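Reading through the C-alpha coordinates given below for one structure.
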2 protein chains.
Amino acid sequence: MAEKQTPRERRRARTAQAILDAALAIIAEQGLQALSIREIAQRIEYSPSGLYEYYASKDEILDALIAQGLAQLNEMLAHVPSGESASEWLFAIGEAYLAFAREHEQLYALIFGHIFSPSGLVTSLDQLQHNSAYGQLRHCIQTGVERGAFILPSGESIEQQVYSTWALLHGLAMLRMTRVSAVTGIDAINQQVLRSAFAHLNRA
Amino acid sequence: MAEKQTPRERRRARTAQAILDAALAIIAEQGLQALSIREIAQRIEYSPSGLYEYYASKDEILDALIAQGLAQLNEMLAHVPSGESASEWLFAIGEAYLAFAREHEQLYALIFGHIFSPSGLVTSLDQLQHNSAYGQLRHCIQTGVERGAFILPSGESIEQQVYSTWALLHGLAMLRMTRVSAVTGIDAINQQVLRSAFAHLNRA
DNA sequence: TGCTATTACCGAACAATGTACGGAAAAAGT
DNA sequence: ACTTTTTCCGTACATTGTTCGGTAATAGCA
(Lines give C-alpha, C1' and ligand atoms only; values in the text may rest on other atoms or scores of the structure.)
Protein backbone atom coordinates (compact mmCIF):
# COMPACT_ATOMS: atom_id res chain seq x y z
CA MET A 1 0.00 0.00 0.00
CA ALA A 2 2.53 2.54 1.15
CA GLU A 3 5.03 2.71 -1.67
CA LYS A 4 8.43 3.92 -0.68
CA GLN A 5 9.08 7.48 -1.68
CA THR A 6 12.66 8.44 -2.27
CA PRO A 7 13.46 12.03 -1.27
CA ARG A 8 13.72 12.80 -4.94
CA GLU A 9 10.22 11.60 -5.66
CA ARG A 10 8.94 13.50 -2.68
CA ARG A 11 10.47 16.71 -3.88
CA ARG A 12 9.18 16.09 -7.37
CA ALA A 13 5.65 15.55 -6.16
CA ARG A 14 5.91 18.70 -4.10
CA THR A 15 6.82 20.99 -6.98
CA ALA A 16 4.28 19.26 -9.21
CA GLN A 17 1.69 20.19 -6.63
CA ALA A 18 3.09 23.71 -6.35
CA ILE A 19 2.47 24.13 -10.05
CA LEU A 20 -1.13 23.08 -9.63
CA ASP A 21 -1.59 25.36 -6.64
CA ALA A 22 -0.21 28.33 -8.52
CA ALA A 23 -2.40 27.57 -11.50
CA LEU A 24 -5.48 27.26 -9.33
CA ALA A 25 -4.68 30.53 -7.59
CA ILE A 26 -4.38 32.34 -10.90
CA ILE A 27 -7.67 30.91 -12.10
CA ALA A 28 -9.43 31.81 -8.89
CA GLU A 29 -8.03 35.33 -8.94
CA GLN A 30 -8.14 36.30 -12.59
CA GLY A 31 -10.05 33.64 -14.41
CA LEU A 32 -9.10 30.92 -16.82
CA GLN A 33 -8.11 33.18 -19.69
CA ALA A 34 -5.41 34.72 -17.50
CA LEU A 35 -3.74 31.39 -16.91
CA SER A 36 -0.41 31.21 -18.72
CA ILE A 37 2.64 29.04 -18.40
CA ARG A 38 4.73 32.11 -17.79
CA GLU A 39 2.52 33.30 -14.94
CA ILE A 40 2.69 29.94 -13.23
CA ALA A 41 6.45 29.81 -13.68
CA GLN A 42 6.87 33.25 -12.21
CA ARG A 43 4.85 32.38 -9.11
CA ILE A 44 6.90 29.34 -8.28
CA GLU A 45 10.10 31.03 -9.41
CA TYR A 46 10.79 28.70 -12.28
CA SER A 47 11.63 29.26 -15.87
CA PRO A 48 8.68 28.67 -18.20
CA SER A 49 10.40 25.76 -19.85
CA GLY A 50 11.11 24.26 -16.46
CA LEU A 51 7.47 23.33 -16.01
CA TYR A 52 7.67 20.92 -18.89
CA GLU A 53 9.69 18.60 -16.73
CA TYR A 54 6.50 18.05 -14.73
CA TYR A 55 3.70 18.43 -17.23
CA ALA A 56 3.99 17.84 -20.94
CA SER A 57 1.63 20.65 -21.87
CA LYS A 58 -0.68 23.28 -20.54
CA ASP A 59 -3.59 20.97 -21.20
CA GLU A 60 -2.03 18.37 -19.00
CA ILE A 61 -1.93 20.89 -16.19
CA LEU A 62 -5.59 21.61 -16.73
CA ASP A 63 -6.36 17.90 -16.70
CA ALA A 64 -4.54 17.50 -13.41
CA LEU A 65 -6.41 20.48 -12.03
CA ILE A 66 -9.71 18.95 -13.07
CA ALA A 67 -8.86 15.56 -11.61
CA GLN A 68 -7.89 17.19 -8.34
CA GLY A 69 -11.03 19.27 -8.29
CA LEU A 70 -13.22 16.25 -8.91
CA ALA A 71 -11.45 14.40 -6.13
CA GLN A 72 -12.03 17.29 -3.77
CA LEU A 73 -15.71 17.46 -4.67
CA ASN A 74 -16.00 13.75 -4.23
CA GLU A 75 -14.44 13.90 -0.81
CA MET A 76 -16.72 16.69 0.30
CA LEU A 77 -19.79 14.72 -0.70
CA ALA A 78 -18.45 11.52 0.81
CA HIS A 79 -18.08 13.24 4.17
CA VAL A 80 -21.67 14.39 4.34
CA PRO A 81 -23.06 12.55 7.37
CA SER A 82 -25.53 9.89 6.40
CA GLY A 83 -26.86 9.44 9.89
CA GLU A 84 -30.13 11.26 9.48
CA SER A 85 -32.97 10.18 7.30
CA ALA A 86 -32.18 9.35 3.70
CA SER A 87 -34.16 12.39 2.71
CA GLU A 88 -32.06 14.71 4.83
CA TRP A 89 -28.93 13.02 3.65
CA LEU A 90 -29.79 13.61 0.03
CA PHE A 91 -30.64 17.20 0.74
CA ALA A 92 -27.35 17.73 2.53
CA ILE A 93 -25.48 16.24 -0.39
CA GLY A 94 -27.26 18.57 -2.75
CA GLU A 95 -26.41 21.52 -0.58
CA ALA A 96 -22.78 20.47 -0.37
CA TYR A 97 -22.64 20.17 -4.12
CA LEU A 98 -24.00 23.65 -4.61
CA ALA A 99 -21.67 24.97 -1.94
CA PHE A 100 -18.69 23.58 -3.78
CA ALA A 101 -19.79 25.17 -7.02
CA ARG A 102 -20.39 28.45 -5.21
CA GLU A 103 -17.08 28.57 -3.38
CA HIS A 104 -14.99 27.42 -6.31
CA GLU A 105 -16.75 29.11 -9.18
CA GLN A 106 -13.85 29.22 -11.58
CA LEU A 107 -12.73 25.71 -10.79
CA TYR A 108 -16.24 24.37 -11.19
CA ALA A 109 -16.61 26.13 -14.51
CA LEU A 110 -13.27 24.74 -15.62
CA ILE A 111 -14.19 21.20 -14.66
CA PHE A 112 -17.52 21.10 -16.39
CA GLY A 113 -16.41 23.19 -19.31
CA HIS A 114 -13.63 20.79 -20.16
CA ILE A 115 -15.23 17.49 -19.35
CA PHE A 116 -18.08 18.29 -21.65
CA SER A 117 -17.49 19.42 -25.14
CA PRO A 118 -14.99 18.06 -27.59
CA SER A 119 -12.25 15.69 -26.67
CA GLY A 120 -13.48 15.45 -23.13
CA LEU A 121 -11.08 13.27 -21.25
CA VAL A 122 -12.01 9.67 -21.61
CA THR A 123 -10.95 9.23 -18.04
CA SER A 124 -13.84 11.38 -17.04
CA LEU A 125 -16.12 8.47 -17.79
CA ASP A 126 -14.75 6.53 -14.88
CA GLN A 127 -14.44 9.68 -12.87
CA LEU A 128 -18.09 10.52 -13.18
CA GLN A 129 -19.28 6.98 -12.65
CA HIS A 130 -17.27 5.87 -9.69
CA ASN A 131 -15.22 8.64 -8.27
CA SER A 132 -17.29 11.77 -8.13
CA ALA A 133 -20.56 13.46 -7.51
CA TYR A 134 -22.46 11.09 -9.71
CA GLY A 135 -21.31 8.07 -7.76
CA GLN A 136 -22.05 9.71 -4.44
CA LEU A 137 -25.52 10.64 -5.54
CA ARG A 138 -26.22 7.13 -6.70
CA HIS A 139 -24.96 5.67 -3.48
CA CYS A 140 -27.24 7.90 -1.45
CA ILE A 141 -30.35 7.37 -3.55
CA GLN A 142 -29.78 3.66 -3.83
CA THR A 143 -29.41 3.35 -0.09
CA GLY A 144 -32.57 5.35 0.40
CA VAL A 145 -34.52 3.12 -1.93
CA GLU A 146 -33.24 -0.05 -0.33
CA ARG A 147 -34.16 1.24 3.11
CA GLY A 148 -37.62 1.97 1.81
CA ALA A 149 -37.28 5.67 2.52
CA PHE A 150 -37.47 6.57 -1.14
CA ILE A 151 -40.09 5.51 -3.60
CA LEU A 152 -39.23 5.75 -7.26
CA PRO A 153 -41.92 7.00 -9.62
CA SER A 154 -43.32 4.03 -11.47
CA GLY A 155 -41.25 2.98 -14.44
CA GLU A 156 -38.20 4.91 -13.36
CA SER A 157 -34.90 3.25 -12.67
CA ILE A 158 -32.46 4.34 -10.04
CA GLU A 159 -30.02 5.33 -12.72
CA GLN A 160 -32.62 7.62 -14.20
CA GLN A 161 -33.32 9.22 -10.87
CA VAL A 162 -29.64 9.80 -10.19
CA TYR A 163 -29.27 11.17 -13.67
CA SER A 164 -32.00 13.75 -13.32
CA THR A 165 -30.96 14.68 -9.82
CA TRP A 166 -27.47 15.44 -10.99
CA ALA A 167 -28.80 17.38 -13.94
CA LEU A 168 -30.85 19.53 -11.60
CA LEU A 169 -27.90 20.18 -9.32
CA HIS A 170 -25.61 21.07 -12.18
CA GLY A 171 -28.20 23.31 -13.76
CA LEU A 172 -28.77 25.17 -10.50
CA ALA A 173 -25.04 25.62 -10.04
CA MET A 174 -24.61 26.97 -13.54
CA LEU A 175 -27.63 29.22 -13.44
CA ARG A 176 -26.37 30.74 -10.23
CA MET A 177 -23.20 31.88 -11.97
CA THR A 178 -25.11 34.06 -14.37
CA ARG A 179 -26.08 36.32 -11.52
CA VAL A 180 -29.26 36.73 -13.46
CA SER A 181 -30.85 35.85 -10.21
CA ALA A 182 -29.08 38.53 -8.25
CA VAL A 183 -32.52 39.09 -6.86
CA THR A 184 -30.87 38.26 -3.55
CA GLY A 185 -31.52 35.07 -1.74
CA ILE A 186 -30.61 32.84 -4.63
CA ASP A 187 -29.15 30.25 -2.31
CA ALA A 188 -32.29 30.10 -0.23
CA ILE A 189 -34.29 29.63 -3.40
CA ASN A 190 -31.98 26.84 -4.48
CA GLN A 191 -32.58 25.12 -1.16
CA GLN A 192 -36.30 25.35 -1.63
CA VAL A 193 -36.04 23.94 -5.13
CA LEU A 194 -34.00 21.04 -3.83
CA ARG A 195 -36.48 20.31 -1.05
CA SER A 196 -39.37 20.40 -3.44
CA ALA A 197 -37.64 18.22 -6.02
CA PHE A 198 -36.59 15.64 -3.49
CA ALA A 199 -39.97 15.62 -1.83
CA HIS A 200 -41.32 13.59 -4.70
CA LEU A 201 -39.05 10.76 -3.69
CA ASN A 202 -40.39 10.40 -0.18
CA ARG A 203 -43.00 7.81 0.30
CA ALA A 204 -46.31 9.15 1.47
CA MET B 1 -39.92 50.03 -38.26
CA ALA B 2 -38.24 49.29 -41.54
CA GLU B 3 -35.17 51.47 -41.57
CA LYS B 4 -33.83 52.31 -44.97
CA GLN B 5 -30.78 50.29 -45.87
CA THR B 6 -28.35 51.88 -48.23
CA PRO B 7 -26.61 49.41 -50.56
CA ARG B 8 -23.48 50.05 -48.59
CA GLU B 9 -25.09 49.03 -45.31
CA ARG B 10 -26.57 46.00 -46.97
CA ARG B 11 -23.22 44.84 -48.21
CA ARG B 12 -21.67 45.55 -44.85
CA ALA B 13 -24.28 43.50 -43.05
CA ARG B 14 -23.74 40.70 -45.53
CA THR B 15 -20.02 40.35 -44.93
CA ALA B 16 -20.53 40.79 -41.20
CA GLN B 17 -22.83 37.79 -41.37
CA ALA B 18 -20.38 35.92 -43.58
CA ILE B 19 -17.80 36.29 -40.84
CA LEU B 20 -20.18 34.80 -38.31
CA ASP B 21 -21.10 31.97 -40.65
CA ALA B 22 -17.47 31.11 -41.24
CA ALA B 23 -16.74 31.24 -37.54
CA LEU B 24 -19.68 29.00 -36.75
CA ALA B 25 -18.62 26.53 -39.43
CA ILE B 26 -15.14 26.31 -37.99
CA ILE B 27 -16.48 25.75 -34.50
CA ALA B 28 -18.90 23.10 -35.67
CA GLU B 29 -16.20 21.32 -37.65
CA GLN B 30 -13.15 21.59 -35.47
CA GLY B 31 -14.24 22.96 -32.15
CA LEU B 32 -13.79 26.25 -30.41
CA GLN B 33 -10.05 25.96 -29.86
CA ALA B 34 -9.56 25.80 -33.63
CA LEU B 35 -11.26 29.13 -34.19
CA SER B 36 -8.75 31.76 -35.23
CA ILE B 37 -9.03 35.13 -36.89
CA ARG B 38 -6.78 33.93 -39.67
CA GLU B 39 -8.95 30.88 -40.37
CA ILE B 40 -12.07 33.00 -40.61
CA ALA B 41 -10.31 35.48 -42.87
CA GLN B 42 -9.11 32.72 -45.16
CA ARG B 43 -12.60 31.28 -45.55
CA ILE B 44 -14.13 34.55 -46.62
CA GLU B 45 -11.04 35.51 -48.59
CA TYR B 46 -10.16 38.50 -46.49
CA SER B 47 -6.99 39.62 -44.85
CA PRO B 48 -6.94 38.97 -41.09
CA SER B 49 -6.81 42.66 -40.37
CA GLY B 50 -9.77 43.20 -42.64
CA LEU B 51 -12.10 41.61 -40.13
CA TYR B 52 -11.44 44.37 -37.66
CA GLU B 53 -13.48 46.69 -39.80
CA TYR B 54 -16.49 44.63 -38.73
CA TYR B 55 -15.67 43.38 -35.27
CA ALA B 56 -13.35 45.06 -32.83
CA SER B 57 -12.02 41.82 -31.41
CA LYS B 58 -12.33 38.08 -31.49
CA ASP B 59 -14.43 38.25 -28.34
CA GLU B 60 -16.86 40.50 -30.12
CA ILE B 61 -17.26 37.86 -32.78
CA LEU B 62 -17.96 35.29 -30.12
CA ASP B 63 -20.49 37.59 -28.50
CA ALA B 64 -22.28 38.02 -31.80
CA LEU B 65 -22.22 34.27 -32.31
CA ILE B 66 -23.75 33.75 -28.90
CA ALA B 67 -26.42 36.35 -29.44
CA GLN B 68 -27.34 34.76 -32.74
CA GLY B 69 -27.40 31.30 -31.20
CA LEU B 70 -29.67 32.45 -28.40
CA ALA B 71 -31.97 34.06 -30.91
CA GLN B 72 -32.13 30.87 -32.91
CA LEU B 73 -32.89 28.81 -29.83
CA ASN B 74 -35.52 31.30 -28.82
CA GLU B 75 -37.17 31.11 -32.20
CA MET B 76 -37.18 27.32 -32.17
CA LEU B 77 -38.91 27.24 -28.81
CA ALA B 78 -41.34 29.97 -29.78
CA HIS B 79 -42.47 27.93 -32.76
CA VAL B 80 -43.35 24.87 -30.75
CA PRO B 81 -47.11 24.53 -31.24
CA SER B 82 -49.04 25.33 -28.10
CA GLY B 83 -52.25 23.79 -29.36
CA GLU B 84 -52.20 20.61 -27.38
CA SER B 85 -52.50 20.36 -23.67
CA ALA B 86 -50.20 22.51 -21.60
CA SER B 87 -48.51 19.35 -20.46
CA GLU B 88 -47.74 18.25 -24.00
CA TRP B 89 -46.66 21.75 -24.87
CA LEU B 90 -44.15 21.85 -22.06
CA PHE B 91 -42.83 18.46 -23.01
CA ALA B 92 -42.42 19.51 -26.62
CA ILE B 93 -40.52 22.61 -25.55
CA GLY B 94 -38.23 20.49 -23.44
CA GLU B 95 -37.62 18.16 -26.35
CA ALA B 96 -36.93 21.06 -28.69
CA TYR B 97 -34.46 22.48 -26.20
CA LEU B 98 -32.59 19.20 -25.96
CA ALA B 99 -32.70 18.83 -29.73
CA PHE B 100 -31.05 22.20 -30.17
CA ALA B 101 -28.30 21.30 -27.72
CA ARG B 102 -27.84 17.98 -29.49
CA GLU B 103 -27.71 19.31 -33.03
CA HIS B 104 -25.53 22.29 -32.20
CA GLU B 105 -23.25 20.82 -29.59
CA GLN B 106 -20.35 23.17 -30.04
CA LEU B 107 -22.53 26.23 -30.29
CA TYR B 108 -24.47 25.25 -27.20
CA ALA B 109 -21.26 24.68 -25.28
CA LEU B 110 -19.98 28.03 -26.45
CA ILE B 111 -23.12 29.85 -25.40
CA PHE B 112 -23.35 28.44 -21.92
CA GLY B 113 -19.64 28.37 -21.39
CA HIS B 114 -19.32 32.08 -22.04
CA ILE B 115 -22.50 33.36 -20.49
CA PHE B 116 -21.57 31.74 -17.26
CA SER B 117 -18.24 32.28 -15.66
CA PRO B 118 -16.44 35.55 -15.32
CA SER B 119 -17.33 38.65 -17.19
CA GLY B 120 -20.42 37.03 -18.60
CA LEU B 121 -22.08 39.55 -20.82
CA VAL B 122 -24.33 41.76 -18.82
CA THR B 123 -26.66 41.73 -21.74
CA SER B 124 -27.25 38.08 -21.08
CA LEU B 125 -29.41 39.11 -18.16
CA ASP B 126 -32.02 40.53 -20.46
CA GLN B 127 -31.38 37.78 -22.94
CA LEU B 128 -32.16 35.05 -20.47
CA GLN B 129 -35.13 36.80 -18.96
CA HIS B 130 -37.02 37.96 -21.97
CA ASN B 131 -35.50 36.72 -25.14
CA SER B 132 -34.56 33.12 -24.75
CA ALA B 133 -35.27 29.70 -23.40
CA TYR B 134 -35.94 30.98 -19.94
CA GLY B 135 -38.63 33.34 -21.11
CA GLN B 136 -40.26 30.71 -23.29
CA LEU B 137 -40.35 28.26 -20.45
CA ARG B 138 -41.93 30.79 -18.16
CA HIS B 139 -44.52 31.69 -20.72
CA CYS B 140 -45.50 28.07 -21.15
CA ILE B 141 -45.63 27.22 -17.47
CA GLN B 142 -47.44 30.40 -16.58
CA THR B 143 -50.07 29.74 -19.21
CA GLY B 144 -50.48 26.21 -17.94
CA VAL B 145 -50.98 27.39 -14.41
CA GLU B 146 -53.48 30.04 -15.42
CA ARG B 147 -55.44 27.52 -17.44
CA GLY B 148 -55.51 25.28 -14.41
CA ALA B 149 -53.66 22.53 -16.20
CA PHE B 150 -50.67 22.83 -13.91
CA ILE B 151 -50.67 22.74 -10.17
CA LEU B 152 -47.66 24.17 -8.39
CA PRO B 153 -46.39 22.30 -5.36
CA SER B 154 -47.45 24.22 -2.30
CA GLY B 155 -45.19 27.13 -1.47
CA GLU B 156 -43.54 27.22 -4.86
CA SER B 157 -43.65 30.22 -7.08
CA ILE B 158 -43.84 30.11 -10.83
CA GLU B 159 -40.39 31.63 -11.03
CA GLN B 160 -39.06 28.80 -8.94
CA GLN B 161 -40.67 26.22 -11.13
CA VAL B 162 -39.31 27.78 -14.29
CA TYR B 163 -35.95 28.01 -12.65
CA SER B 164 -35.75 24.34 -11.76
CA THR B 165 -37.18 23.25 -15.07
CA TRP B 166 -34.50 25.13 -16.94
CA ALA B 167 -31.85 23.75 -14.63
CA LEU B 168 -33.01 20.23 -15.40
CA LEU B 169 -32.98 20.83 -19.14
CA HIS B 170 -29.55 22.39 -19.09
CA GLY B 171 -28.18 19.63 -16.93
CA LEU B 172 -29.54 16.96 -19.22
CA ALA B 173 -28.09 18.71 -22.25
CA MET B 174 -24.69 19.01 -20.63
CA LEU B 175 -24.61 15.50 -19.27
CA ARG B 176 -25.40 14.17 -22.69
CA MET B 177 -22.25 15.71 -24.08
CA THR B 178 -20.05 13.65 -21.81
CA ARG B 179 -21.05 10.52 -23.68
CA VAL B 180 -20.74 8.93 -20.29
CA SER B 181 -24.15 7.66 -21.06
CA ALA B 182 -23.20 6.14 -24.36
CA VAL B 183 -25.26 3.29 -23.05
CA THR B 184 -27.33 3.87 -26.17
CA GLY B 185 -30.76 5.35 -26.00
CA ILE B 186 -29.74 8.40 -24.06
CA ASP B 187 -32.30 10.50 -25.86
CA ALA B 188 -35.10 8.14 -25.02
CA ILE B 189 -34.01 8.22 -21.40
CA ASN B 190 -34.01 12.00 -21.47
CA GLN B 191 -37.58 11.94 -22.75
CA GLN B 192 -38.62 9.69 -19.93
CA VAL B 193 -36.94 11.91 -17.38
CA LEU B 194 -38.75 14.90 -18.80
CA ARG B 195 -42.11 13.16 -18.71
CA SER B 196 -41.58 12.07 -15.16
CA ALA B 197 -40.40 15.47 -14.00
CA PHE B 198 -43.26 17.30 -15.65
CA ALA B 199 -45.80 14.79 -14.42
CA HIS B 200 -45.58 16.33 -10.98
CA LEU B 201 -47.06 19.51 -12.39
CA ASN B 202 -50.23 17.93 -13.68
CA ARG B 203 -53.20 18.11 -11.44
CA ALA B 204 -54.48 14.79 -10.30
C1' DT C 1 -18.92 65.83 -63.94
C1' DG C 2 -14.95 66.57 -60.86
C1' DC C 3 -13.22 67.14 -55.89
C1' DT C 4 -13.23 65.68 -51.33
C1' DA C 5 -14.05 62.87 -47.44
C1' DT C 6 -15.24 58.57 -45.81
C1' DT C 7 -15.06 53.70 -45.97
C1' DA C 8 -13.04 49.01 -47.06
C1' DC C 9 -9.31 46.44 -47.27
C1' DC C 10 -4.44 45.00 -47.14
C1' DG C 11 0.60 44.14 -45.81
C1' DA C 12 3.75 44.43 -42.43
C1' DA C 13 4.92 44.52 -37.86
C1' DC C 14 4.41 43.75 -32.62
C1' DA C 15 3.51 41.57 -28.28
C1' DA C 16 2.08 37.54 -25.97
C1' DT C 17 1.44 32.90 -26.02
C1' DG C 18 2.71 27.54 -25.93
C1' DT C 19 6.42 24.76 -26.79
C1' DA C 20 11.12 22.42 -28.54
C1' DC C 21 15.92 22.12 -27.99
C1' DG C 22 20.67 22.10 -26.29
C1' DG C 23 23.38 22.68 -22.55
C1' DA C 24 24.74 23.43 -17.64
C1' DA C 25 24.37 22.43 -12.94
C1' DA C 26 23.08 19.26 -9.53
C1' DA C 27 22.03 14.81 -7.76
C1' DA C 28 22.12 9.78 -7.77
C1' DG C 29 24.10 5.52 -8.69
C1' DT C 30 28.08 2.81 -9.15
C1' DA D 1 35.84 9.42 -8.48
C1' DC D 2 33.47 8.67 -12.62
C1' DT D 3 29.23 8.08 -15.15
C1' DT D 4 24.46 8.60 -15.76
C1' DT D 5 20.26 10.60 -14.83
C1' DT D 6 17.47 14.27 -13.37
C1' DT D 7 16.44 19.43 -13.03
C1' DC D 8 16.36 23.52 -14.63
C1' DC D 9 17.42 27.43 -17.70
C1' DG D 10 18.20 30.55 -21.91
C1' DT D 11 17.13 30.92 -26.31
C1' DA D 12 14.51 30.43 -30.25
C1' DC D 13 10.37 29.43 -33.10
C1' DA D 14 5.62 29.16 -34.69
C1' DT D 15 1.10 30.76 -33.89
C1' DT D 16 -1.95 33.69 -32.04
C1' DG D 17 -4.72 38.47 -31.51
C1' DT D 18 -4.15 43.02 -32.69
C1' DT D 19 -2.32 47.78 -34.39
C1' DC D 20 -0.95 50.97 -37.80
C1' DG D 21 -0.07 53.38 -42.06
C1' DG D 22 -1.16 53.31 -46.61
C1' DT D 23 -3.98 52.45 -50.81
C1' DA D 24 -7.85 51.66 -53.48
C1' DA D 25 -12.68 52.12 -53.81
C1' DT D 26 -16.84 54.39 -52.86
C1' DA D 27 -20.19 58.07 -51.37
C1' DG D 28 -21.48 62.80 -50.94
C1' DC D 29 -21.46 67.12 -52.80
C1' DA D 30 -20.18 71.28 -55.85
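Chain labels follow the order of the C-alpha coordinates: the first chain is A, the next B, and so on; residue numbering restarts at 1 in every chain, and ligands are counted from 1 in their shown order.
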
(request) Using only C-alpha atoms (C1' of nucleotides), find the residues of chain C whose closest atom to chain A is at most 12 Å away, then write them as an NGL selection string. (result) :C and (16-21 or 27-28)

Per residue of chain A within 8 Å of chain D, which atom pair is closest and at what distance in Å (one decimal), using only C-alpha atoms (C1' of nucleotides), listed by chain and increasing number, as JSON lines?
```
{"residue": "A:Tyr46", "atom": "CA", "partner": "D:DC8", "partner_atom": "C1'", "distance": 8.0}
{"residue": "A:Ser47", "atom": "CA", "partner": "D:DC9", "partner_atom": "C1'", "distance": 6.3}
{"residue": "A:Ser49", "atom": "CA", "partner": "D:DC9", "partner_atom": "C1'", "distance": 7.5}
{"residue": "A:Gly50", "atom": "CA", "partner": "D:DC8", "partner_atom": "C1'", "distance": 5.6}
{"residue": "A:Glu53", "atom": "CA", "partner": "D:DT7", "partner_atom": "C1'", "distance": 7.7}
```

Print the selection's residues with all heavy atoms to a file, as a short mmCIF file (atom, residue, chain, number, x, y, z; two decimals), in the first residue's frame.
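And here's result.cif as it stands now:
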```cif
data_model
loop_
_atom_site.label_atom_id
_atom_site.label_comp_id
_atom_site.auth_asym_id
_atom_site.auth_seq_id
_atom_site.Cartn_x
_atom_site.Cartn_y
_atom_site.Cartn_z
N TYR A 46 10.17 29.62 -11.33
CA TYR A 46 10.79 28.70 -12.28
C TYR A 46 10.88 29.39 -13.63
O TYR A 46 10.23 30.41 -13.87
CB TYR A 46 9.92 27.44 -12.42
CG TYR A 46 10.33 26.29 -11.54
CD1 TYR A 46 10.47 26.48 -10.18
CD2 TYR A 46 10.55 25.03 -12.06
CE1 TYR A 46 10.84 25.42 -9.37
CE2 TYR A 46 10.91 23.96 -11.24
CZ TYR A 46 11.06 24.18 -9.89
OH TYR A 46 11.42 23.14 -9.08
N SER A 47 11.66 28.80 -14.49
CA SER A 47 11.63 29.26 -15.87
C SER A 47 10.44 28.59 -16.56
O SER A 47 10.07 27.46 -16.21
CB SER A 47 12.93 28.87 -16.55
OG SER A 47 12.76 28.84 -17.94
N SER A 49 10.10 27.08 -19.30
CA SER A 49 10.40 25.76 -19.85
C SER A 49 10.63 24.71 -18.75
O SER A 49 10.55 23.51 -19.01
CB SER A 49 11.62 25.84 -20.77
OG SER A 49 12.70 26.44 -20.09
N GLY A 50 10.90 25.20 -17.55
CA GLY A 50 11.11 24.26 -16.46
C GLY A 50 9.88 23.44 -16.12
O GLY A 50 9.97 22.28 -15.70
N GLU A 53 9.12 19.79 -17.36
CA GLU A 53 9.69 18.60 -16.73
C GLU A 53 8.62 17.88 -15.92
O GLU A 53 8.72 16.70 -15.64
CB GLU A 53 10.85 19.02 -15.82
CG GLU A 53 11.76 17.87 -15.44
CD GLU A 53 12.58 17.41 -16.63
OE1 GLU A 53 12.95 18.26 -17.48
OE2 GLU A 53 12.84 16.21 -16.71
#
```

(message) I want to know what sits within 10 Å of Glu95 in chain A, based on only C-alpha atoms (C1' of nucleotides), with residues of the same chain fewer than 6 positions away left out; could you give that as a list in words?
(response)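 Close residues of Glu95 in chain A: Leu77, Val80, Trp89, Ala101, Leu169, Asp187, Asn190, Gln191 and Leu194 of chain A.
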
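Counting only C-alpha atoms and comparing A:Pro153, A:Asp21, A:Ala173, A:Glu75, the residue that lies closest to His200 in chain B is A:Pro153.
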
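Between CA of Leu20 in chain B and CA of Ile61 in chain B the interatomic distance comes to 7.0 Å.
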
(message) Just to confirm, what's the straight-line distance from CA of Gly113 in chain B to CA of Met174 in chain B in Å (one decimal)?
(response)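 CA of Met174 in chain B lies at a distance of 10.7 Å from CA of Gly113 in chain B.
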
(request) Enter the distance from CA of Gln106 in chain B to CA of Tyr134 in chain A, in Å, rounded to one decimal. (result) 23.7 Å

(message) Using only C-alpha atoms for the distances, tell me which of A:Ile44, A:Ala199, A:Ala149, A:Ala25 is nearest to chain B.
(response)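 Ranking A:Ile44, A:Ala199, A:Ala149, A:Ala25 by distance to chain B, first place goes to A:Ala199.
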
(message) Need to verify the contact set: Asp63 in chain A, 9 Å, only C-alpha atoms (C1' of nucleotides), exclusion of same-chain residues closer than 4 positions in sequence. Can you return it as a list in words?
(response)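 In the requested format, the answer is Lys58, Asp59, Ala67, Gln68, Ile111, His114 and Leu121 of chain A.
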
Please write the residues from the selection above to a file, keeping N, CA and C atoms, as a PDB file, in the first residue's frame.
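Now in result-v6.pdb:
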```
ATOM      1  N   LYS A  58       0.260  22.516 -21.351  1.00  0.00           N
ATOM      2  CA  LYS A  58      -0.681  23.281 -20.536  1.00  0.00           C
ATOM      3  C   LYS A  58      -1.954  22.472 -20.303  1.00  0.00           C
ATOM      4  N   ASP A  59      -2.387  21.785 -21.334  1.00  0.00           N
ATOM      5  CA  ASP A  59      -3.593  20.972 -21.204  1.00  0.00           C
ATOM      6  C   ASP A  59      -3.445  19.915 -20.125  1.00  0.00           C
ATOM      7  N   ALA A  67      -8.838  16.803 -12.387  1.00  0.00           N
ATOM      8  CA  ALA A  67      -8.857  15.560 -11.612  1.00  0.00           C
ATOM      9  C   ALA A  67      -8.826  15.868 -10.118  1.00  0.00           C
ATOM     10  N   GLN A  68      -7.993  16.827  -9.753  1.00  0.00           N
ATOM     11  CA  GLN A  68      -7.890  17.190  -8.344  1.00  0.00           C
ATOM     12  C   GLN A  68      -9.179  17.813  -7.844  1.00  0.00           C
ATOM     13  N   ILE A 111     -13.918  22.646 -14.652  1.00  0.00           N
ATOM     14  CA  ILE A 111     -14.189  21.204 -14.664  1.00  0.00           C
ATOM     15  C   ILE A 111     -15.264  20.856 -15.692  1.00  0.00           C
ATOM     16  N   HIS A 114     -14.632  21.581 -19.448  1.00  0.00           N
ATOM     17  CA  HIS A 114     -13.627  20.792 -20.156  1.00  0.00           C
ATOM     18  C   HIS A 114     -14.013  19.330 -20.257  1.00  0.00           C
ATOM     19  N   LEU A 121     -11.909  14.372 -21.698  1.00  0.00           N
ATOM     20  CA  LEU A 121     -11.079  13.269 -21.249  1.00  0.00           C
ATOM     21  C   LEU A 121     -11.886  11.994 -21.177  1.00  0.00           C
TER      22      LEU A 121
END
```
